[in-house]
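Below is the file model.csv, which contains CSV, C-alpha atoms.
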```csv
chain,number,residue,atom,x,y,z
A,16,MET,CA,19.2,-51.5,16.2
A,17,SER,CA,17.7,-51.0,19.6
A,18,GLY,CA,14.5,-49.1,19.5
A,19,ARG,CA,14.2,-49.6,15.7
A,20,ALA,CA,12.2,-52.0,13.5
A,21,ALA,CA,14.6,-54.5,12.0
A,22,GLY,CA,15.2,-53.8,8.4
A,23,ALA,CA,12.6,-51.1,8.3
A,24,GLY,CA,14.8,-48.1,9.1
A,25,ARG,CA,12.2,-46.6,11.5
A,26,ALA,CA,11.6,-46.3,15.2
A,27,LEU,CA,9.4,-48.9,16.8
A,28,THR,CA,5.8,-47.8,17.6
A,29,ARG,CA,3.3,-49.2,20.0
A,30,MET,CA,1.7,-51.1,17.1
A,31,ASP,CA,4.8,-53.2,16.6
A,32,ALA,CA,4.1,-55.0,19.9
A,33,VAL,CA,0.5,-55.7,19.0
A,34,GLN,CA,-0.4,-59.1,17.4
A,35,SER,CA,-1.6,-58.9,13.8
A,36,PRO,CA,-5.3,-59.8,13.4
A,37,ILE,CA,-5.5,-63.4,12.4
A,38,ILE,CA,-8.7,-63.2,10.3
A,39,PRO,CA,-7.1,-61.3,7.4
A,40,VAL,CA,-4.2,-63.8,7.4
A,41,ILE,CA,-6.5,-66.8,7.1
A,42,SER,CA,-8.8,-64.9,4.6
A,43,ALA,CA,-5.8,-64.3,2.3
A,44,MET,CA,-5.1,-68.1,2.2
A,45,ILE,CA,-8.7,-68.8,1.5
A,46,ARG,CA,-8.7,-66.4,-1.5
A,47,GLU,CA,-5.6,-68.2,-2.8
A,48,THR,CA,-7.4,-71.6,-2.6
A,49,PRO,CA,-10.7,-71.5,-4.5
A,50,GLY,CA,-13.3,-73.9,-3.2
A,51,THR,CA,-12.2,-73.6,0.4
A,52,ILE,CA,-15.0,-73.8,3.0
A,53,SER,CA,-14.4,-71.3,5.8
A,54,LEU,CA,-15.1,-72.4,9.4
A,55,GLY,CA,-13.1,-69.3,10.4
A,56,GLN,CA,-14.8,-65.9,10.7
A,57,GLY,CA,-17.5,-65.5,13.3
A,58,VAL,CA,-20.4,-64.2,11.3
A,59,VAL,CA,-24.0,-65.4,10.7
A,60,HIS,CA,-25.4,-66.4,7.4
A,61,TYR,CA,-28.4,-64.2,7.4
A,62,GLY,CA,-29.0,-60.4,7.0
A,63,PRO,CA,-30.9,-57.8,8.9
A,64,PRO,CA,-34.7,-57.6,9.3
A,65,GLN,CA,-36.5,-56.1,6.3
A,66,ALA,CA,-37.9,-53.5,8.7
A,67,ALA,CA,-34.4,-52.2,9.1
A,68,VAL,CA,-33.8,-51.9,5.4
A,69,ASP,CA,-37.2,-50.2,4.9
A,70,ALA,CA,-36.6,-47.7,7.7
A,71,VAL,CA,-33.4,-46.5,6.1
A,72,ARG,CA,-35.0,-46.4,2.6
A,73,ASP,CA,-37.9,-44.4,4.0
A,74,ALA,CA,-35.7,-42.0,5.8
A,75,LEU,CA,-33.7,-41.4,2.7
A,76,GLY,CA,-36.9,-40.7,0.8
A,77,SER,CA,-38.0,-38.0,3.2
A,78,PRO,CA,-36.3,-34.5,2.9
A,79,GLU,CA,-36.6,-34.0,6.7
A,80,SER,CA,-35.3,-37.4,7.6
A,81,SER,CA,-32.6,-37.4,5.0
A,82,ARG,CA,-31.1,-34.3,6.5
A,83,LEU,CA,-30.9,-36.2,9.8
A,84,LEU,CA,-29.0,-39.0,8.0
A,85,HIS,CA,-26.6,-36.7,6.3
A,86,GLY,CA,-25.6,-34.7,9.3
A,87,TYR,CA,-23.6,-35.3,12.5
A,88,GLY,CA,-25.5,-37.0,15.3
A,89,ASP,CA,-25.4,-36.9,19.1
A,90,GLY,CA,-22.3,-38.6,20.4
A,91,SER,CA,-24.4,-40.8,22.7
A,92,GLY,CA,-26.5,-42.0,19.9
A,93,TYR,CA,-29.7,-41.4,17.9
A,94,ALA,CA,-32.3,-40.6,20.6
A,95,PRO,CA,-35.0,-43.1,19.4
A,96,LEU,CA,-32.3,-45.9,19.2
A,97,VAL,CA,-31.0,-45.0,22.7
A,98,ALA,CA,-34.6,-45.3,24.0
A,99,ALA,CA,-35.1,-48.6,22.3
A,100,ILE,CA,-31.8,-49.9,23.8
A,101,THR,CA,-32.8,-48.7,27.3
A,102,ALA,CA,-36.1,-50.5,27.1
A,103,LYS,CA,-34.4,-53.7,25.8
A,104,LEU,CA,-31.8,-53.6,28.5
A,105,GLN,CA,-34.5,-53.4,31.2
A,106,ALA,CA,-36.7,-56.1,29.7
A,107,GLU,CA,-34.1,-58.6,28.6
A,108,ASN,CA,-31.0,-58.0,30.6
A,109,GLY,CA,-32.4,-56.7,33.9
A,110,ILE,CA,-30.2,-53.6,33.6
A,111,ASP,CA,-31.8,-50.4,34.8
A,112,VAL,CA,-30.0,-47.6,33.0
A,113,GLY,CA,-31.6,-45.1,35.4
A,114,GLN,CA,-29.5,-46.5,38.3
A,115,GLY,CA,-26.3,-44.5,37.7
A,116,SER,CA,-25.5,-45.8,34.2
A,117,ARG,CA,-25.4,-44.3,30.7
A,118,VAL,CA,-25.9,-45.7,27.2
A,119,MET,CA,-23.6,-45.0,24.2
A,120,VAL,CA,-24.2,-46.3,20.7
A,121,THR,CA,-20.9,-47.3,19.1
A,122,ALA,CA,-19.6,-48.7,15.8
A,123,GLY,CA,-19.8,-52.3,17.1
A,124,ALA,CA,-18.8,-53.8,20.4
A,125,ASN,CA,-15.1,-53.6,19.5
A,126,MET,CA,-15.3,-49.8,19.5
A,127,ALA,CA,-17.2,-49.9,22.8
A,128,PHE,CA,-14.4,-52.0,24.3
A,129,MET,CA,-11.7,-49.6,23.0
A,130,HIS,CA,-13.6,-46.6,24.5
A,131,ALA,CA,-13.9,-48.4,27.8
A,132,VAL,CA,-10.2,-49.3,28.0
A,133,LEU,CA,-9.1,-45.7,27.2
A,134,ALA,CA,-11.6,-44.4,29.7
A,135,ILE,CA,-10.5,-46.4,32.7
A,136,THR,CA,-6.7,-46.9,32.3
A,137,ALA,CA,-3.4,-45.1,32.1
A,138,PRO,CA,-0.3,-46.4,30.3
A,139,GLY,CA,1.3,-49.2,32.2
A,140,ASP,CA,-2.0,-50.4,33.9
A,141,GLU,CA,-3.1,-54.0,33.7
A,142,VAL,CA,-6.2,-55.7,32.5
A,143,ILE,CA,-7.0,-59.3,33.3
A,144,LEU,CA,-8.2,-61.5,30.4
A,145,PRO,CA,-9.2,-65.1,31.2
A,146,VAL,CA,-7.9,-67.5,28.6
A,147,PRO,CA,-9.2,-68.1,26.0
A,148,PHE,CA,-9.9,-64.4,25.2
A,149,TYR,CA,-11.1,-62.5,22.1
A,150,PHE,CA,-8.0,-61.4,20.3
A,151,ASN,CA,-9.2,-57.9,19.6
A,152,HIS,CA,-9.5,-57.4,23.4
A,153,GLU,CA,-5.8,-58.1,23.8
A,154,MET,CA,-5.0,-55.8,20.9
A,155,ALA,CA,-7.0,-52.9,22.3
A,156,VAL,CA,-5.4,-53.2,25.8
A,157,GLU,CA,-1.9,-53.2,24.2
A,158,MET,CA,-2.8,-50.3,21.9
A,159,ALA,CA,-3.7,-48.3,25.0
A,160,GLY,CA,-0.2,-48.8,26.4
A,161,CYS,CA,-1.4,-51.3,29.0
A,162,ARG,CA,-0.5,-54.8,29.8
A,163,VAL,CA,-2.6,-57.9,29.4
A,164,VAL,CA,-2.6,-60.3,32.4
A,165,ARG,CA,-3.6,-63.8,31.2
A,166,VAL,CA,-5.3,-66.1,33.7
A,167,PRO,CA,-6.3,-69.7,33.1
A,168,THR,CA,-9.8,-71.1,33.0
A,169,ASP,CA,-10.8,-74.7,33.8
A,170,GLU,CA,-11.0,-77.6,31.4
A,171,CYS,CA,-14.4,-76.5,30.1
A,172,TYR,CA,-13.3,-72.9,29.8
A,173,GLN,CA,-15.3,-71.7,32.8
A,174,LEU,CA,-13.9,-68.9,35.0
A,175,ARG,CA,-11.5,-69.7,37.8
A,176,VAL,CA,-12.2,-66.9,40.2
A,177,ASP,CA,-9.3,-67.9,42.4
A,178,ALA,CA,-6.9,-67.4,39.5
A,179,ILE,CA,-8.4,-64.0,38.7
A,180,GLU,CA,-8.0,-62.9,42.3
A,181,ALA,CA,-4.4,-64.1,42.5
A,182,ALA,CA,-3.6,-62.1,39.4
A,183,ILE,CA,-4.7,-58.7,40.8
A,184,THR,CA,-1.9,-56.2,41.5
A,185,PRO,CA,-1.9,-52.5,42.4
A,186,ARG,CA,-1.8,-51.7,38.6
A,187,THR,CA,-4.9,-53.8,37.8
A,188,ARG,CA,-7.8,-51.8,36.5
A,189,ALA,CA,-10.3,-54.3,35.1
A,190,VAL,CA,-11.4,-57.9,34.6
A,191,VAL,CA,-12.9,-58.9,31.3
A,192,THR,CA,-15.5,-61.6,30.8
A,193,ILE,CA,-17.1,-62.8,27.6
A,194,SER,CA,-20.3,-64.8,27.8
A,195,PRO,CA,-21.2,-66.7,25.7
A,196,ASN,CA,-17.6,-66.9,25.0
A,197,ASN,CA,-15.6,-66.3,21.8
A,198,PRO,CA,-13.7,-68.5,21.0
A,199,SER,CA,-14.9,-71.4,23.1
A,200,GLY,CA,-18.7,-71.1,23.1
A,201,ALA,CA,-18.8,-71.6,26.8
A,202,VAL,CA,-21.7,-69.9,28.7
A,203,LEU,CA,-20.2,-68.6,31.9
A,204,SER,CA,-22.1,-69.6,35.0
A,205,ALA,CA,-24.1,-66.9,36.8
A,206,GLU,CA,-22.3,-67.8,40.0
A,207,SER,CA,-18.9,-67.2,38.6
A,208,LEU,CA,-19.9,-63.9,36.9
A,209,ARG,CA,-21.4,-62.8,40.2
A,210,ALA,CA,-18.2,-63.7,42.1
A,211,VAL,CA,-16.1,-61.7,39.6
A,212,ASN,CA,-18.5,-58.8,39.8
A,213,THR,CA,-18.3,-58.8,43.6
A,214,LEU,CA,-14.5,-59.2,43.5
A,215,CYS,CA,-14.3,-56.1,41.3
A,216,ALA,CA,-16.4,-54.1,43.6
A,217,GLU,CA,-14.4,-55.1,46.6
A,218,ARG,CA,-11.0,-54.4,44.9
A,219,GLY,CA,-12.0,-51.1,43.2
A,220,LEU,CA,-11.9,-52.6,39.7
A,221,TYR,CA,-14.1,-52.4,36.6
A,222,HIS,CA,-15.9,-55.5,35.3
A,223,LEU,CA,-15.9,-55.3,31.5
A,224,SER,CA,-18.6,-57.7,30.3
A,225,ASP,CA,-18.7,-58.5,26.6
A,226,GLU,CA,-22.1,-59.9,25.5
A,227,PRO,CA,-22.6,-59.8,21.7
A,228,TYR,CA,-23.7,-63.5,21.7
A,229,GLU,CA,-26.4,-63.0,24.3
A,230,TYR,CA,-29.1,-64.6,22.2
A,231,PHE,CA,-27.1,-67.6,21.1
A,232,THR,CA,-27.5,-70.0,24.0
A,233,TYR,CA,-28.7,-73.7,23.8
A,234,GLY,CA,-30.6,-74.9,26.8
A,235,VAL,CA,-29.0,-72.5,29.3
A,236,ALA,CA,-29.7,-68.9,30.4
A,237,HIS,CA,-27.6,-65.9,29.6
A,238,THR,CA,-26.6,-63.7,32.6
A,239,SER,CA,-25.7,-60.0,32.3
A,240,PRO,CA,-23.4,-58.9,35.2
A,241,GLY,CA,-24.8,-55.4,34.9
A,242,SER,CA,-28.1,-56.7,36.4
A,243,PHE,CA,-26.5,-57.6,39.8
A,244,PRO,CA,-27.4,-55.4,42.7
A,245,GLY,CA,-24.8,-52.6,43.1
A,246,ALA,CA,-23.2,-53.4,39.7
A,247,ALA,CA,-23.9,-50.1,38.0
A,248,ALA,CA,-20.9,-48.2,39.6
A,249,HIS,CA,-18.2,-50.6,38.3
A,250,THR,CA,-19.7,-52.6,35.5
A,251,ILE,CA,-19.3,-51.8,31.8
A,252,SER,CA,-21.5,-54.0,29.5
A,253,MET,CA,-21.0,-54.2,25.8
A,254,PHE,CA,-23.5,-55.5,23.2
A,255,SER,CA,-23.8,-55.7,19.4
A,256,LEU,CA,-26.4,-56.1,16.7
A,257,SER,CA,-23.9,-57.8,14.4
A,258,LYS,CA,-24.8,-61.4,15.3
A,259,ALA,CA,-28.4,-61.5,16.4
A,260,PHE,CA,-29.7,-59.1,13.7
A,261,GLY,CA,-27.3,-59.9,10.9
A,262,PHE,CA,-25.9,-56.4,11.2
A,263,ALA,CA,-22.1,-57.0,11.0
A,264,GLY,CA,-21.5,-54.6,8.1
A,265,TRP,CA,-23.8,-52.0,9.6
A,266,ARG,CA,-21.4,-51.6,12.5
A,267,ILE,CA,-23.8,-50.9,15.4
A,268,GLY,CA,-23.2,-51.8,19.0
A,269,TYR,CA,-23.8,-50.2,22.3
A,270,VAL,CA,-22.3,-49.9,25.8
A,271,VAL,CA,-23.7,-49.4,29.2
A,272,TYR,CA,-21.2,-47.7,31.5
A,273,PRO,CA,-21.1,-45.9,34.9
A,274,ALA,CA,-22.2,-42.3,34.7
A,275,ALA,CA,-18.9,-41.2,36.4
A,276,LEU,CA,-17.1,-42.2,33.1
A,277,CYS,CA,-19.3,-40.0,30.9
A,278,SER,CA,-16.6,-37.3,30.2
A,279,ALA,CA,-13.9,-39.9,29.4
A,280,MET,CA,-16.2,-42.0,27.2
A,281,MET,CA,-17.4,-39.0,25.3
A,282,LYS,CA,-13.8,-37.8,24.7
A,283,SER,CA,-13.0,-41.1,23.1
A,284,GLN,CA,-16.2,-41.3,21.0
A,285,ASP,CA,-15.8,-37.8,19.7
A,286,THR,CA,-12.2,-38.2,18.8
A,287,ILE,CA,-12.3,-41.6,17.2
A,288,LEU,CA,-15.8,-41.6,15.6
A,289,ILE,CA,-18.0,-38.5,16.5
A,290,ASN,CA,-21.0,-40.7,16.0
A,291,PRO,CA,-21.9,-44.1,14.4
A,292,THR,CA,-23.4,-43.8,10.9
A,293,MET,CA,-26.8,-42.2,11.2
A,294,ALA,CA,-28.5,-44.4,8.6
A,295,ALA,CA,-27.2,-47.5,10.4
A,296,GLN,CA,-28.6,-46.2,13.7
A,297,VAL,CA,-32.1,-45.6,12.1
A,298,GLY,CA,-32.0,-49.2,10.8
A,299,ALA,CA,-30.9,-50.5,14.2
A,300,GLU,CA,-33.8,-48.8,16.0
A,301,ALA,CA,-36.2,-50.5,13.5
A,302,ALA,CA,-34.4,-53.9,14.1
A,303,LEU,CA,-34.8,-53.5,17.9
A,304,ARG,CA,-38.5,-52.8,17.4
A,305,VAL,CA,-38.7,-56.2,15.6
A,306,GLY,CA,-36.9,-57.6,18.6
A,307,ARG,CA,-35.4,-60.9,19.7
A,308,SER,CA,-38.1,-62.9,17.9
A,309,TYR,CA,-36.2,-62.2,14.7
A,310,ALA,CA,-33.1,-64.1,15.8
A,311,GLU,CA,-34.9,-67.0,17.4
A,312,PRO,CA,-35.5,-69.2,14.3
A,313,TYR,CA,-31.9,-68.8,13.3
A,314,VAL,CA,-30.7,-69.8,16.8
A,315,ARG,CA,-32.9,-72.9,16.6
A,316,GLU,CA,-31.3,-73.7,13.2
A,317,LEU,CA,-27.8,-73.2,14.7
A,318,ALA,CA,-28.7,-75.6,17.5
A,319,SER,CA,-29.2,-78.4,15.0
A,320,ILE,CA,-26.0,-77.4,13.2
A,321,ARG,CA,-24.1,-77.3,16.5
A,322,ASP,CA,-25.2,-80.9,17.2
A,323,ILE,CA,-23.7,-82.0,13.8
A,324,VAL,CA,-20.4,-80.1,14.5
A,325,PHE,CA,-19.8,-81.5,17.9
A,326,SER,CA,-20.9,-85.0,16.9
A,327,GLU,CA,-18.4,-85.1,14.0
A,328,LEU,CA,-15.5,-83.4,15.9
A,329,ASN,CA,-15.9,-85.9,18.8
A,330,THR,CA,-15.1,-88.7,16.3
A,331,LEU,CA,-11.6,-87.4,16.4
A,332,ALA,CA,-11.0,-88.5,20.0
A,333,PRO,CA,-8.3,-89.1,21.2
A,334,LEU,CA,-6.6,-87.2,18.4
A,335,ALA,CA,-8.5,-84.1,19.4
A,336,ARG,CA,-10.5,-82.9,22.5
A,337,VAL,CA,-13.5,-80.6,22.1
A,338,PRO,CA,-15.3,-79.6,25.3
A,339,ALA,CA,-19.1,-79.1,25.0
A,340,ALA,CA,-20.2,-75.5,24.5
A,341,ASP,CA,-23.7,-74.1,25.3
A,342,GLY,CA,-23.5,-70.8,23.4
A,343,ALA,CA,-22.3,-68.7,20.5
A,344,PHE,CA,-21.5,-70.7,17.3
A,345,TYR,CA,-17.9,-71.9,18.1
A,346,ALA,CA,-16.1,-75.0,19.1
A,347,LEU,CA,-12.6,-74.7,20.5
A,348,MET,CA,-10.6,-77.9,19.9
A,349,LYS,CA,-7.2,-79.1,21.0
A,350,VAL,CA,-5.3,-81.3,18.6
A,351,GLU,CA,-2.7,-83.7,19.9
A,352,THR,CA,0.2,-82.8,17.6
A,353,ALA,CA,3.6,-81.1,17.7
A,354,LEU,CA,2.7,-79.2,14.5
A,355,ALA,CA,2.5,-75.4,14.8
A,356,PRO,CA,-1.2,-74.2,14.7
A,357,LEU,CA,-0.7,-71.7,11.8
A,358,ALA,CA,1.3,-74.2,9.8
A,359,LEU,CA,-1.4,-76.9,10.2
A,360,ALA,CA,-4.1,-74.4,9.5
A,361,GLU,CA,-2.4,-73.5,6.2
A,362,ARG,CA,-2.1,-77.1,5.2
A,363,LEU,CA,-5.8,-77.7,6.0
A,364,ILE,CA,-6.6,-74.9,3.6
A,365,ARG,CA,-4.1,-75.8,0.8
A,366,GLU,CA,-4.6,-79.5,0.9
A,367,HIS,CA,-8.1,-80.1,2.2
A,368,LYS,CA,-9.9,-76.8,1.4
A,369,VAL,CA,-11.2,-76.1,4.9
A,370,ALA,CA,-10.3,-73.1,7.1
A,371,VAL,CA,-10.2,-72.8,10.9
A,372,ILE,CA,-8.5,-70.2,13.1
A,373,PRO,CA,-5.4,-71.0,15.1
A,374,GLY,CA,-6.0,-70.9,18.9
A,375,ASP,CA,-2.8,-69.1,19.8
A,376,ALA,CA,-4.5,-65.9,18.6
A,377,PHE,CA,-6.9,-66.4,21.5
A,378,GLY,CA,-4.2,-67.0,24.0
A,379,MET,CA,-4.1,-70.8,23.8
A,380,THR,CA,-0.4,-71.3,23.6
A,381,ASP,CA,0.0,-74.6,25.5
A,382,GLY,CA,-0.7,-76.8,22.5
A,383,CYS,CA,-2.3,-76.9,19.1
A,384,TYR,CA,-5.8,-75.3,19.3
A,385,PHE,CA,-8.3,-74.2,16.6
A,386,ARG,CA,-11.5,-72.3,16.8
A,387,VAL,CA,-14.2,-73.8,14.5
A,388,ALA,CA,-17.0,-71.3,13.6
A,389,PHE,CA,-20.3,-72.6,12.2
A,390,GLY,CA,-22.6,-69.6,12.1
A,391,ALA,CA,-21.8,-68.4,8.6
A,392,LEU,CA,-22.9,-71.4,6.6
A,393,GLN,CA,-26.0,-73.5,5.9
A,394,LYS,CA,-26.3,-76.9,7.4
A,395,ALA,CA,-25.2,-78.9,4.3
A,396,THR,CA,-22.1,-76.7,3.8
A,397,VAL,CA,-21.2,-76.9,7.4
A,398,GLN,CA,-21.5,-80.7,7.3
A,399,GLU,CA,-19.2,-80.8,4.3
A,400,GLY,CA,-16.7,-78.4,5.9
A,401,ILE,CA,-16.6,-80.4,9.1
A,402,GLY,CA,-16.1,-83.6,7.1
A,403,ARG,CA,-13.1,-82.0,5.4
A,404,LEU,CA,-11.7,-80.9,8.7
A,405,VAL,CA,-12.0,-84.3,10.3
A,406,ALA,CA,-10.5,-86.0,7.3
A,407,GLY,CA,-7.8,-83.4,7.0
A,408,LEU,CA,-6.7,-83.8,10.6
A,409,GLN,CA,-6.7,-87.5,10.4
A,410,THR,CA,-4.4,-87.4,7.4
A,411,LEU,CA,-2.1,-84.6,8.4
A,412,VAL,CA,-1.7,-85.3,12.1
A,413,VAL,CA,-1.7,-89.1,12.1
A,414,GLY,CA,0.6,-89.1,9.1
A,415,HIS,CA,3.0,-86.6,10.7
```
Go ahead and express the file in the form of structure tokens.
Amino acid sequence: MSGRAAGAGRALTRMDAVQSPIIPVISAMIRETPGTISLGQGVVHYGPPQAAVDAVRDALGSPESSRLLHGYGDGSGYAPLVAAITAKLQAENGIDVGQGSRVMVTAGANMAFMHAVLAITAPGDEVILPVPFYFNHEMAVEMAGCRVVRVPTDECYQLRVDAIEAAITPRTRAVVTISPNNPSGAVLSAESLRAVNTLCAERGLYHLSDEPYEYFTYGVAHTSPGSFPGAAAHTISMFSLSKAFGFAGWRIGYVVYPAALCSAMMKSQDTILINPTMAAQVGAEAALRVGRSYAEPYVRELASIRDIVFSELNTLAPLARVPAADGAFYALMKVETALAPLALAERLIREHKVAVIPGDAFGMTDGCYFRVAFGALQKATVQEGIGRLVAGLQTLVVGH
């Protein structure tokens, strides 16, 4: 049945080669096992600023403003929101949008990444993803008819610039970095990000920098590659309100991209989306006016939760290895076992009522890895969940 899906009686499509998203798979198991504590999906436990909710309510109550909300919007974004983003980028990220860059508001950072891939590649091109990577990035590249080139990182999940350089071929179009990293929580060093950005400039490549966890750092600074001198012409920077402002369901992100890509980016935006939901954009503009101070108490709370998580997981040594992480709200652990990650994840849910995400979804295929997320729960619940995970692994792995 060459060229046809086995048993399906249909021709294969590009989607058949793309991995299925792991979150719905784990979520289905959780629903089937009441009482499970999820250390799976990467969301925060808080909602948006009240100012964002009030802004939308006020707009809906005004005939003039409600017409704005009910109609189509500009493909680049709601002008007051674009202005707020531009000011934020200058003040917090050191990115001057006036230096050859453009801003586009998108339905989350995932859509920004999809637009960027479609804008800079042709089918058969290659995109370099350091491992571990965010699984939706691999999916987007493959959906575009391109090939993911995986490159290793070091034992603490920091970039290996030598490996990136060695992976470049005539078909390479971009290098992707994520800092703070999903799934490892590693905050990539400014030196390594600068080296990658310089390498991309020298080799005629784009540097795709994914930064939705920019506010979630613990004792270290976040670096935006778009702030480096000369970066504007080849750097595409993606951000999101989902984490910092509790905006996951509102679906608002934004991307800063070279002005030369404007036509391609607008084609993708207009075809896939037209514009992000206008009500969500009005709320986002209000959230940005509140600013980073809204997220800071939650980040401090997560810092104390993070200490609990790593302290408890480190008690598993030598059964498991968990490198320290200075950002996001994840730990990426390697368990010393011959058990398959998904099979072990299912047993943790069914038998110990705790859920984690198998690491092979993030490209970690040289052993049994799990991403542990701790942003969605309160401290007491996280502590209970980590306790179940530790006990479950001790029982299932040692007893195997």
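Considering all atoms listed in the file, the residue among A:Ala70, A:Leu354, A:Leu334, A:Ala339 positioned nearest to A:Ala201 is A:Ala339.
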Rank A:Val405, A:Ile251, A:Leu214, A:Leu359 by their smallest atom-to-atom distance to A:Pro373, using only C-alpha atoms, and report the top residue only.
->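 Closest candidate: A:Leu359.
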Could you list, with a cut-off of 12 Å and counting all atoms listed in the file, the residues of stretch 237-353 of chain A near stretch 398-403 of chain A, each shown with its nearest atom pair and the distance in Å rounded to one decimal, rows sorted by chain and ascending number, as CSV?
```
residue,atom,partner,partner_atom,distance
A:Ser319,CA,A:Gln398,CA,11.1
A:Ile320,CA,A:Gln398,CA,8.1
A:Arg321,CA,A:Gln398,CA,10.1
A:Asp322,CA,A:Gln398,CA,10.6
A:Ile323,CA,A:Gln398,CA,7.0
A:Val324,CA,A:Ile401,CA,6.6
A:Phe325,CA,A:Ile401,CA,9.4
A:Ser326,CA,A:Ile401,CA,10.0
A:Glu327,CA,A:Ile401,CA,7.0
A:Leu328,CA,A:Ile401,CA,7.5
A:Asn329,CA,A:Ile401,CA,11.2
A:Thr330,CA,A:Gly402,CA,10.6
A:Leu331,CA,A:Gly402,CA,11.0
A:Ala346,CA,A:Ile401,CA,11.4
```
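Take the candidates A:Tyr384, A:Lys394, A:Ala370, A:Gly298 and check each one against A:Val68 using all atoms listed in the file; the shortest distance goes to A:Gly298.
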Kindly provide the residues of stretch 210-261 of chain A that approach stretch 89-100 of chain A to within 12 Å, each paired with its closest atom pair and their distance in Å to one decimal, based on all atoms listed in the file, listed by chain and increasing number, as a tab-separated table.
```
residue	atom	partner	partner_atom	distance
A:Met253	CA	A:Ile100	CA	11.8
A:Phe254	CA	A:Ile100	CA	10.0
A:Ser255	CA	A:Ile100	CA	10.8
A:Leu256	CA	A:Ile100	CA	10.9
```
If we count only C-alpha atoms and set the cut-off at 9 Å, which residues sit around A:Gly342, ignoring sequence neighbours fewer than 5 positions away in its own chain? Please answer as a PDB file with C-alpha atoms, in the coordinates of the input.
```pdb
ATOM      1  CA  SER A 194     -20.300 -64.800  27.800  1.00  0.00           C
ATOM      2  CA  PRO A 195     -21.200 -66.700  25.700  1.00  0.00           C
ATOM      3  CA  ASN A 196     -17.600 -66.900  25.000  1.00  0.00           C
ATOM      4  CA  SER A 199     -14.900 -71.400  23.100  1.00  0.00           C
ATOM      5  CA  GLY A 200     -18.700 -71.100  23.100  1.00  0.00           C
ATOM      6  CA  ALA A 201     -18.800 -71.600  26.800  1.00  0.00           C
ATOM      7  CA  VAL A 202     -21.700 -69.900  28.700  1.00  0.00           C
ATOM      8  CA  TYR A 228     -23.700 -63.500  21.700  1.00  0.00           C
ATOM      9  CA  GLU A 229     -26.400 -63.000  24.300  1.00  0.00           C
ATOM     10  CA  TYR A 230     -29.100 -64.600  22.200  1.00  0.00           C
ATOM     11  CA  PHE A 231     -27.100 -67.600  21.100  1.00  0.00           C
ATOM     12  CA  THR A 232     -27.500 -70.000  24.000  1.00  0.00           C
ATOM     13  CA  TYR A 233     -28.700 -73.700  23.800  1.00  0.00           C
ATOM     14  CA  GLY A 234     -30.600 -74.900  26.800  1.00  0.00           C
ATOM     15  CA  VAL A 235     -29.000 -72.500  29.300  1.00  0.00           C
ATOM     16  CA  HIS A 237     -27.600 -65.900  29.600  1.00  0.00           C
TER      17      HIS A 237
END
```
Minimum-distance residue to A:Ala376, chosen among A:Leu203, A:Val191, A:Met281, A:Val40 (using only C-alpha atoms) | A:Val40
Close residues, A:Gly374 itself excluded, 10 Å, only C-alpha atoms, min 6 positions apart in chain, as number ranges by chain | A: 37, 147-148, 150, 198-199, 347-349, 356-357, 380-387
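Interatomic distance, atom CA of A:Leu363 against atom CA of A:Leu408: 7.7 Å.
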Residues at most 8 Å from A:Tyr272, counting only C-alpha atoms, excluding those fewer than 3 positions away in the same chain, as a PyMOL selection string?
-> chain A and resi 116-118+247+249-252+276-277
Measure the distance from atom CA of A:Ser81 to atom CA of A:Arg266 in Å and round it to one decimal.
->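 Calculated distance between atom CA of A:Ser81 and atom CA of A:Arg266 is 19.6 Å.
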Within 6 Å of A:Gly55, counting only C-alpha atoms, which residues qualify if same-chain residues fewer than 3 places away don't, as a PyMOL selection string?
-> chain A and resi 370-372+388
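Picture a line from atom CA of A:Gly219 to atom CA of A:Tyr172; it runs 25.6 Å.
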Skip A:His222 itself and residues of its chain fewer than 2 positions away, then list as a list in words all residues within 10 Å of it, counting all atoms listed in the file.
->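 Non-adjacent residues within range: Ile143, Arg188, Ala189, Val190, Val191, Thr192, Leu208, Val211, Asn212, Thr213, Leu214, Cys215, Ala216, Gly219, Leu220, Ser224, Asp225, Pro240, Gly241, Ala246, Ala248, His249, Thr250, Ile251 and Ser252 of chain A.
Of the residues listed (A:Phe243, A:Tyr221, A:Tyr269, A:Phe128), A:Phe243 shows the shortest atom-to-atom separation from A:Gln114; distances use all atoms listed in the file.
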Name the closest residue to A:Ile193 among the candidates A:Cys161, A:Met280, A:Leu174, A:Ile52; distances are taken between atoms, counting all atoms listed in the file.
->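 When distances to A:Ile193 are compared using all atoms listed in the file, the smallest one comes from A:Leu174.
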